Amino acid sequence: MKENVIFCYSGTGNCLDMAKNIAKTLGDTDIIMMRRYPAVTDVRGAKRVGFIFPCYGGGLPGHVERYLHDIKVDPDAYTFAINQSAAYKGEGLKKLNELIPLDYWAAVTHQCTCIWLFPHDLMMPKMGAVEAQARSEHFALKFANDIKNNVKSKRSVPKAYWNTAEHAAWPKIARSQGQSLKANDKCVICGTCAKVCPTGNIRYAGKAVVFGDKCISCCACVQYCPQEAINFGKITEKRERYHNVNITVDDLNQEIISF
Ligand SMILES: Cc1cc2nc3c(=O)[nH]c(=O)nc-3n(C[C@H](O)[C@H](O)[C@H](O)COP(=O)(O)O)c2cc1C
């Protein structure tokens with residue numbers, strides 16, 4: 001068991017990039033991915049255990065909350081969480097803190113990856129991808145140094161009552177957006193979309209891409225398609241694509257990334 005463990009969900013790379021930057025500074029760290037059921041859930045023995053995840057529809061993404069119930073952490077371990085969003089934190093930190101009490105938490109904004117809703121630079125504060133990435137790296141270093149020194153947060157995690165109703169409605173909204181996904185004739189059946197989908201929702205039937213009913217609206221298929229052939233109806237046709245500049249499809253598909 002490594003000294004440090006970070007559980008990470010990332011749809012389009014921002015959170016995995018944050019996790020990798022923190023792991024580099026900490027050293028002796030395993031990043032355990034939570035896009036699917038985590039390869040390891042019992043991390044008793046790790047001295048520091050962290051969670052890095054985005055806000056989706058005011059709360060935790062995909063199946064993360066269900067997976068969190070199975071994670072076993074040493075009661076003496078130092079625990080931390082970093083939440084990323086385009087604008088607001090949501091109730092994810094609160095949900096996590098109820099299951100695994102946190103010693104340290106922080107939140108930072110980055111580019112909006114939900115491009116059927118907003119263009120990617122419509123984050124708070126508004127800025128372009130290069131500036132947002134530099135800002136994220138700056139924060140990663142600060143968080144990593146705090147974590148290395150086992151700093152405890154002075155403020156308790158936000159209660160975020162107003163996000164509970166939003167997040168309860170979210171899975172239905174996400175699935176219904178998923179029903180509007182289509183690949184156009186620029187598609188060359190390269191396999192990227194199926195590979196990057198965290199729910200196994202995409203398959204191929206001959207030369208057609210078939211989207212199922214398990215979409216969580218993470219937008220990874222739209223953002224990573226090298227032909228820009230996938231769209232949510234017409235909404236994203238003219239919208240610039242964005243995924244984290246440092247994170248590849250293969251990175252997202254790892255089960256454990258060791259430093
Ligand atoms: C499906 C979806 C829902 C989102 N919901 C919110 C939200 O409720 N509030 C917010 O501020 N940002 C929201 N975002 C923006 C992400 O939290 C933000 O872009 C984050 O950096 C994405 O991290 P990732 O690239 O690791 O997936 C959403 C993004 C997606 C794809």
# chains A, B, ... in the order shown; residues from 1 in each chain; ligands from 1

call {"tool": "residues_around", "arguments": {"residues": "range 254-259 of chain A", "least_positions_apart": "6", "cutoff": "9 Å", "atoms": "only C-alpha atoms", "output": "JSON, numbers by chain"}}
result
{"A": [2, 20, 23, 24, 26, 27, 28, 29, 30, 31, 32, 33, 34, 35, 36, 38, 39, 40]}

call {"tool": "residues_near_ligand", "arguments": {"ligand": "ligand 1", "cutoff": "7 Å", "atoms": "only C-alpha atoms and all ligand atoms", "output": "count of residues only"}}
result
35

call {"tool": "select_by_dssp", "arguments": {"residues": "range 103-138 of chain A", "states": "alpha helix (DSSP H)", "output": "PyMOL selection string"}}
result
chain A and resi 129-138

call {"tool": "closest_residue", "arguments": {"among": "A:Met18, A:Asn149, A:Arg48, A:His69", "to": "Ala107 in chain A", "atoms": "only C-alpha atoms"}}
result
A:Met18

call {"tool": "closest_residue", "arguments": {"among": "A:Ala46, A:Ile82, A:Ala208, A:Ile247", "to": "Ala144 in chain A", "atoms": "only C-alpha atoms"}}
result
A:Ile82

call {"tool": "residues_around", "arguments": {"residues": "Ser180 in chain A", "least_positions_apart": "2", "cutoff": "7 Å", "atoms": "only C-alpha atoms", "output": "PDB file with C-alpha atoms, in the first residue's frame"}}
result
ATOM      1  CA  GLN A 177     -29.652  14.816 -22.887  1.00  0.00           C
ATOM      2  CA  GLY A 178     -27.995  11.491 -23.732  1.00  0.00           C
ATOM      3  CA  LYS A 182     -25.760  11.491 -32.506  1.00  0.00           C
ATOM      4  CA  PHE A 232     -26.046  16.664 -28.493  1.00  0.00           C
ATOM      5  CA  GLY A 233     -28.718  17.466 -31.095  1.00  0.00           C
TER       6      GLY A 233
END

call {"tool": "atom_distance", "arguments": {"atom1": "CA of Asn21 in chain A", "atom2": "CA of Pro61 in chain A"}}
result
21.2 Å

call {"tool": "atom_distance", "arguments": {"atom1": "CA of Leu60 in chain A", "atom2": "CA of Val210 in chain A"}}
result
26.3 Å

call {"tool": "closest_residue", "arguments": {"among": "A:Met1, A:Ala160, A:Ile202, A:Leu99", "to": "Asp42 in chain A", "atoms": "only C-alpha atoms"}}
result
A:Met1

call {"tool": "residues_around", "arguments": {"residues": "Pro101 in chain A", "least_positions_apart": "2", "cutoff": "10 Å", "atoms": "only C-alpha atoms", "output": "list in words"}}
result
Pro75, Tyr78, Thr79, Phe80, Leu93, Lys94, Lys95, Leu96, Asn97, Glu98, Leu99, Asp103, Tyr104 and Val157 of chain A

call {"tool": "select_by_dssp", "arguments": {"residues": "range 66-179 of chain A", "states": "strand (DSSP E or B)", "output": "tab-separated table (two decimals) with C-alpha atoms, in the first residue's frame"}}
result
chain	number	residue	atom	x	y	z
A	72	LYS	CA	-12.62	1.48	3.75
A	78	TYR	CA	-5.61	12.04	7.11
A	79	THR	CA	-8.48	12.61	4.66
A	80	PHE	CA	-8.90	15.32	2.02
A	81	ALA	CA	-11.09	16.24	-0.95
A	82	ILE	CA	-10.80	18.64	-3.87
A	83	ASN	CA	-13.93	19.61	-5.74
A	84	GLN	CA	-13.77	21.11	-9.24
A	85	SER	CA	-16.61	22.88	-10.97
A	104	TYR	CA	-9.17	19.07	4.60
A	105	TRP	CA	-11.28	20.21	1.67
A	106	ALA	CA	-10.89	22.73	-1.11
A	107	ALA	CA	-12.71	23.74	-4.26
A	108	VAL	CA	-11.53	25.35	-7.47
A	109	THR	CA	-13.17	26.27	-10.76

call {"tool": "residues_around", "arguments": {"residues": "Ile6 in chain A", "least_positions_apart": "5", "cutoff": "6 Å", "atoms": "only C-alpha atoms", "output": "PyMOL selection string"}}
result
chain A and resi 31+49-51
